[in-house]
file final08.txt (compact mmCIF, C-alpha atoms)
# COMPACT_ATOMS: atom_id res chain seq x y z
CA ASN H 29 81.92 149.41 98.28
CA ALA H 30 79.93 147.94 95.40
CA GLY H 31 82.07 149.48 92.63
CA VAL H 32 80.72 148.57 89.18
CA THR H 33 77.76 146.21 89.21
CA GLN H 34 76.53 144.36 86.13
CA THR H 35 73.35 142.35 85.79
CA PRO H 36 72.60 139.69 84.75
CA LYS H 37 75.74 137.53 85.02
CA PHE H 38 74.49 135.04 82.44
CA GLN H 39 71.85 135.28 79.71
CA VAL H 40 70.66 133.12 76.83
CA LEU H 41 68.67 134.81 74.08
CA LYS H 42 67.03 133.62 70.93
CA THR H 43 67.93 135.30 67.67
CA GLY H 44 65.83 138.42 67.21
CA GLN H 45 65.07 138.96 70.88
CA SER H 46 65.96 142.22 72.56
CA MET H 47 67.33 142.80 76.03
CA THR H 48 69.11 145.31 78.24
CA LEU H 49 72.34 144.69 80.10
CA GLN H 50 72.45 146.78 83.24
CA CYS H 51 75.49 148.61 84.61
CA ALA H 52 75.61 150.76 87.72
CA GLN H 53 78.49 152.39 89.59
CA ASP H 54 78.47 154.05 92.99
CA MET H 55 81.77 155.94 92.74
CA ASN H 56 80.40 159.12 91.08
CA HIS H 57 82.51 158.43 88.01
CA GLU H 58 81.95 160.61 84.97
CA TYR H 59 83.23 158.19 82.32
CA MET H 60 81.51 154.88 81.62
CA SER H 61 81.99 152.41 78.81
CA TRP H 62 80.95 149.04 77.45
CA TYR H 63 83.31 146.43 75.99
CA ARG H 64 82.88 143.02 74.53
CA GLN H 65 85.52 140.34 74.96
CA ASP H 66 85.90 137.60 72.38
CA PRO H 67 88.56 134.86 72.18
CA GLY H 68 91.61 135.99 70.23
CA MET H 69 90.27 139.52 69.76
CA GLY H 70 90.74 141.10 73.14
CA LEU H 71 88.38 143.74 74.49
CA ARG H 72 86.69 146.02 72.01
CA LEU H 73 84.87 149.24 72.83
CA ILE H 74 81.15 149.31 71.99
CA HIS H 75 79.91 152.64 73.36
CA TYR H 76 81.06 155.14 75.93
CA SER H 77 79.80 158.14 77.88
CA VAL H 78 81.73 161.10 79.27
CA GLY H 79 78.86 162.19 81.51
CA ALA H 80 75.11 162.13 82.00
CA GLY H 81 73.30 162.86 78.75
CA ILE H 82 76.39 162.31 76.57
CA THR H 83 77.16 159.10 74.70
CA ASP H 84 79.29 158.19 71.72
CA GLN H 85 80.16 155.19 69.58
CA GLY H 86 83.19 153.05 70.02
CA GLU H 87 84.82 150.54 67.76
CA VAL H 88 81.93 148.06 67.34
CA PRO H 89 78.63 149.90 67.97
CA ASN H 90 76.35 148.22 65.41
CA GLY H 91 73.41 146.41 66.96
CA TYR H 92 73.72 148.16 70.32
CA ASN H 93 72.18 151.26 71.87
CA VAL H 94 73.07 153.11 75.06
CA SER H 95 71.74 155.99 77.11
CA ARG H 96 73.03 157.84 80.17
CA SER H 97 70.20 159.51 82.02
CA THR H 98 72.04 159.49 85.36
CA THR H 99 75.69 159.51 86.43
CA GLU H 100 75.26 156.10 88.05
CA ASP H 101 73.65 154.02 85.30
CA PHE H 102 74.72 153.10 81.78
CA PRO H 103 72.53 150.36 80.27
CA LEU H 104 73.39 148.59 77.02
CA ARG H 105 70.50 147.55 74.79
CA LEU H 106 70.64 144.81 72.21
CA LEU H 107 68.00 145.69 69.66
CA SER H 108 67.64 142.37 67.82
CA ALA H 109 70.07 139.75 69.07
CA ALA H 110 72.23 137.88 66.58
CA PRO H 111 74.55 134.88 67.13
CA SER H 112 77.50 137.21 66.36
CA GLN H 113 76.67 139.04 69.59
CA THR H 114 77.51 135.99 71.67
CA SER H 115 80.26 137.32 73.88
CA VAL H 116 81.23 138.43 77.36
CA TYR H 117 80.26 142.04 78.00
CA PHE H 118 82.06 144.28 80.45
CA CYS H 119 81.08 147.65 81.79
CA ALA H 120 83.79 149.98 83.08
CA SER H 121 83.96 153.37 84.74
CA SER H 122 86.61 155.90 85.60
CA LEU H 123 86.53 159.15 87.48
CA TYR H 124 87.44 161.68 84.81
CA GLY H 125 87.91 159.66 81.66
CA LEU H 126 90.87 157.85 80.20
CA ASN H 127 93.45 159.69 82.31
CA THR H 128 92.19 157.95 85.42
CA GLU H 129 92.08 154.36 86.58
CA ALA H 130 89.40 152.17 85.02
CA PHE H 131 87.22 149.90 87.17
CA PHE H 132 85.44 146.96 85.61
CA GLY H 133 82.32 145.02 86.46
CA GLN H 134 82.30 141.23 86.68
CA GLY H 135 80.86 140.79 83.21
CA THR H 136 77.74 139.38 81.54
CA ARG H 137 78.13 136.18 79.56
CA LEU H 138 75.62 136.34 76.71
CA THR H 139 74.75 133.48 74.38
CA VAL H 140 72.50 134.04 71.37
CA VAL H 141 71.06 130.87 69.86
CA LYS R 22 95.57 152.92 64.19
CA GLN R 23 96.73 152.08 67.67
CA GLU R 24 97.69 148.45 68.15
CA VAL R 25 98.78 146.83 71.38
CA THR R 26 100.73 143.58 71.39
CA GLN R 27 101.60 141.38 74.34
CA ILE R 28 104.36 138.82 74.28
CA PRO R 29 104.44 136.04 75.30
CA ALA R 30 100.85 134.86 74.93
CA ALA R 31 101.41 132.32 77.68
CA LEU R 32 104.06 131.81 80.33
CA SER R 33 104.63 129.11 82.94
CA VAL R 34 107.14 129.64 85.74
CA PRO R 35 108.01 127.94 89.04
CA GLU R 36 107.01 129.63 92.25
CA GLY R 37 109.49 132.23 93.50
CA GLU R 38 110.79 133.23 90.10
CA ASN R 39 110.95 136.87 89.03
CA LEU R 40 109.31 137.50 85.67
CA VAL R 41 108.66 140.19 83.08
CA LEU R 42 105.60 140.61 80.90
CA ASN R 43 105.90 142.74 77.78
CA CYS R 44 103.52 145.16 76.10
CA SER R 45 104.23 147.12 72.94
CA PHE R 46 102.10 149.81 71.30
CA THR R 47 102.26 151.57 67.96
CA ASP R 48 100.98 155.05 68.84
CA SER R 49 103.39 157.03 71.02
CA ALA R 50 100.69 159.66 71.67
CA ILE R 51 99.16 157.67 74.50
CA TYR R 52 97.92 159.41 77.66
CA ASN R 53 98.77 156.48 79.87
CA LEU R 54 99.28 152.72 80.01
CA GLN R 55 97.33 150.52 82.38
CA TRP R 56 97.99 146.97 83.47
CA PHE R 57 95.10 144.74 84.48
CA ARG R 58 94.68 141.26 85.88
CA GLN R 59 91.83 138.98 84.82
CA ASP R 60 90.99 135.75 86.63
CA PRO R 61 88.97 133.08 84.77
CA GLY R 62 85.32 134.05 84.46
CA LYS R 63 85.91 137.36 86.22
CA GLY R 64 86.21 141.03 85.36
CA LEU R 65 89.40 143.03 85.05
CA THR R 66 91.21 144.32 88.12
CA SER R 67 93.40 147.38 87.70
CA LEU R 68 96.98 146.80 88.85
CA LEU R 69 98.96 149.87 87.84
CA LEU R 70 98.37 153.05 85.85
CA ILE R 71 101.39 154.86 84.39
CA GLN R 72 100.81 158.38 83.11
CA SER R 73 102.67 159.44 79.95
CA SER R 74 104.85 161.78 82.05
CA GLN R 75 105.97 158.93 84.32
CA ARG R 76 108.55 156.24 83.74
CA GLU R 77 107.36 153.66 86.25
CA GLN R 78 104.91 152.75 88.98
CA THR R 79 105.23 150.28 91.83
CA SER R 80 102.72 148.43 93.94
CA GLY R 81 103.98 145.75 96.27
CA ARG R 82 105.72 143.06 94.22
CA LEU R 83 104.65 144.67 90.96
CA ASN R 84 106.61 147.25 89.01
CA ALA R 85 105.51 148.64 85.67
CA SER R 86 107.63 150.78 83.36
CA LEU R 87 106.74 152.89 80.36
CA ASP R 88 108.98 154.01 77.50
CA LYS R 89 106.90 156.03 75.06
CA SER R 90 109.76 156.60 72.66
CA SER R 91 110.19 152.88 72.04
CA GLY R 92 106.48 152.07 72.41
CA ARG R 93 107.03 149.59 75.21
CA SER R 94 105.83 148.84 78.70
CA THR R 95 106.88 146.03 81.00
CA LEU R 96 105.28 144.53 84.09
CA TYR R 97 107.78 143.04 86.50
CA ILE R 98 106.51 140.56 89.09
CA ALA R 99 108.92 139.74 91.88
CA ALA R 100 108.95 136.46 93.78
CA SER R 101 105.97 135.01 91.91
CA GLN R 102 103.32 133.02 93.79
CA PRO R 103 100.65 130.55 92.62
CA GLY R 104 98.05 133.22 93.43
CA ASP R 105 99.58 135.37 90.68
CA SER R 106 98.26 132.93 88.08
CA ALA R 107 95.89 134.87 85.83
CA THR R 108 95.74 136.65 82.49
CA TYR R 109 97.52 140.00 82.45
CA LEU R 110 96.30 142.67 80.06
CA CYS R 111 97.81 146.00 79.14
CA ALA R 112 95.82 148.88 77.64
CA GLY R 113 97.00 152.11 76.07
CA ALA R 114 94.80 155.20 76.28
CA THR R 115 94.52 157.62 73.38
CA ASN R 116 90.93 158.63 72.62
CA LYS R 117 89.92 155.21 73.93
CA LEU R 118 91.49 152.27 75.71
CA ILE R 119 93.13 149.82 73.32
CA PHE R 120 93.74 146.44 74.89
CA GLY R 121 96.30 143.81 74.12
CA THR R 122 95.15 140.18 73.98
CA GLY R 123 96.92 139.34 77.20
CA THR R 124 99.54 137.02 78.66
CA LEU R 125 98.27 133.91 80.44
CA LEU R 126 100.55 133.37 83.44
CA ALA R 127 100.74 130.09 85.34
CA VAL R 128 102.89 129.96 88.48
CA GLN R 129 103.62 126.37 89.43
CA PRO R 130 103.88 125.49 93.16
call {"tool": "encode", "arguments": {"input": "final08.txt", "output": "structure tokens"}}
result
Amino acid sequence: NAGVTQTPKFQVLKTGQSMTLQCAQDMNHEYMSWYRQDPGMGLRLIHYSVGAGITDQGEVPNGYNVSRSTTEDFPLRLLSAAPSQTSVYFCASSLYGLNTEAFFGQGTRLTVV
Amino acid sequence: KQEVTQIPAALSVPEGENLVLNCSFTDSAIYNLQWFRQDPGKGLTSLLLIQSSQREQTSGRLNASLDKSSGRSTLYIAASQPGDSATYLCAGATNKLIFGTGTLLAVQP
């Protein structure tokens, strides 16, 4: 079982560059979400989706876009990278939303220089 | 605004000791409380999920309790082992998951 797969694992960007962090799950989960983890601040919700075609903003959405064209995939796009976006990014999924167990990917460590 | 606090921030114990990790939350209207484990450089692994209607959940040497009225959850680890060394995170679910900043556990052989 692959679970939640994130690519890439590591990425270095220059300020102003754009990129897409990929997230895929093979468990037919309806709910998917993106978090960033920063020292001393815990995990913070960026965007989430309750199903294909439906997305919404979380706690820290500025500078990020998402789409959910399929149940399996939930990519996170950085529009114009800034040093403040240096962080570890985690994708998570759960079967029916927050009432069910959340499964996390292994994370993408992003550095913006 | 929901806040989740974990105390202590770090804990070091000798192997074999029983221990308790604490999690407190400000919003009693949570759907559930989840405990996760995070190893260095890795993602989060779900340990236990306690629904708001439940008082506790058990998995092997782990037991988690939930008291919504006092805004507290505890994770009890019995007979700790060096392999239990990791950061333990709790998260309360309202309209989103709100995470605590974790307890870094070191179990000394």
call {"tool": "closest_residue", "arguments": {"input": "final08.txt", "among": "H:Leu106, H:Leu73, H:Val140, H:Gly81", "to": "chain R", "atoms": "all atoms listed in the file"}}
result
H:Leu73
call {"tool": "atom_distance", "arguments": {"input": "final08.txt", "atom1": "CA of Pro67 in chain H", "atom2": "CA of Tyr92 in chain H"}}
result
20.0 Å
call {"tool": "residues_around", "arguments": {"input": "final08.txt", "residues": "Asn127 in chain H", "least_positions_apart": "5", "cutoff": "10 Å", "atoms": "only C-alpha atoms", "output": "NGL selection string"}}
result
(:H and (122)) or (:R and (51-55 or 70-73 or 114-115))
call {"tool": "closest_atom_pairs", "arguments": {"input": "final08.txt", "of": "chain H", "to": "chain R", "cutoff": "12 Å", "atoms": "only C-alpha atoms", "output": "CSV"}}
result
residue,atom,partner,partner_atom,distance
H:Gly31,CA,R:Thr66,CA,11.4
H:Val32,CA,R:Gly64,CA,10.1
H:Thr33,CA,R:Gly64,CA,10.6
H:Gln34,CA,R:Gly64,CA,10.3
H:Lys37,CA,R:Gly62,CA,10.2
H:Phe38,CA,R:Gly62,CA,11.1
H:Tyr59,CA,R:Lys117,CA,11.1
H:Met60,CA,R:Lys117,CA,11.4
H:Ser61,CA,R:Lys117,CA,9.7
H:Trp62,CA,R:Leu118,CA,11.2
H:Tyr63,CA,R:Leu118,CA,10.1
H:Arg64,CA,R:Phe120,CA,11.4
H:Gln65,CA,R:Thr122,CA,9.7
H:Asp66,CA,R:Thr122,CA,9.7
H:Pro67,CA,R:Thr122,CA,8.7
H:Gly68,CA,R:Thr122,CA,6.6
H:Met69,CA,R:Thr122,CA,6.5
H:Gly70,CA,R:Thr122,CA,4.6
H:Leu71,CA,R:Phe120,CA,6.0
H:Arg72,CA,R:Ile119,CA,7.6
H:Leu73,CA,R:Leu118,CA,7.8
H:Ile74,CA,R:Lys117,CA,10.7
H:His75,CA,R:Lys117,CA,10.4
H:Tyr76,CA,R:Lys117,CA,9.1
H:Ser77,CA,R:Lys117,CA,11.3
H:Val78,CA,R:Lys117,CA,11.4
H:Asp84,CA,R:Lys117,CA,11.3
H:Gln85,CA,R:Lys117,CA,10.7
H:Gly86,CA,R:Lys117,CA,8.1
H:Glu87,CA,R:Lys117,CA,9.3
H:Val116,CA,R:Gly62,CA,9.3
H:Tyr117,CA,R:Gly64,CA,9.5
H:Phe118,CA,R:Gly64,CA,7.2
H:Cys119,CA,R:Gly64,CA,9.1
H:Ala120,CA,R:Leu65,CA,9.1
H:Ser121,CA,R:Ser67,CA,11.6
H:Ser122,CA,R:Ser67,CA,11.1
H:Gly125,CA,R:Lys117,CA,9.1
H:Leu126,CA,R:Ala114,CA,6.2
H:Asn127,CA,R:Tyr52,CA,6.5
H:Thr128,CA,R:Leu70,CA,7.9
H:Glu129,CA,R:Leu70,CA,6.5
H:Ala130,CA,R:Ser67,CA,6.8
H:Phe131,CA,R:Ser67,CA,6.7
H:Phe132,CA,R:Leu65,CA,5.6
H:Gly133,CA,R:Gly64,CA,5.7
H:Gln134,CA,R:Gly64,CA,4.1
H:Gly135,CA,R:Gly64,CA,5.8
H:Thr136,CA,R:Gly64,CA,9.4
H:Arg137,CA,R:Gly62,CA,9.0
call {"tool": "residues_around", "arguments": {"input": "final08.txt", "residues": "range 37-43 of chain R", "least_positions_apart": "2", "cutoff": "8 Å", "atoms": "only C-alpha atoms", "output": "ChimeraX atom specification"}}
result
/R:27-29,34-35,45,93-102,124
call {"tool": "atom_distance", "arguments": {"input": "final08.txt", "atom1": "CA of Leu123 in chain H", "atom2": "CA of Cys111 in chain R"}}
result
19.2 Å
call {"tool": "atom_distance", "arguments": {"input": "final08.txt", "atom1": "CA of Asp60 in chain R", "atom2": "CA of Ser106 in chain R"}}
result
7.9 Å
call {"tool": "axis_aligned_box", "arguments": {"input": "final08.txt", "around": "range 118-136 of chain H", "padding_each_side": "3 Å", "output": "JSON"}}
result
{"center_x": 85.6, "center_y": 150.5, "center_z": 83.8, "size_x": 21.7, "size_y": 28.3, "size_z": 13.3}
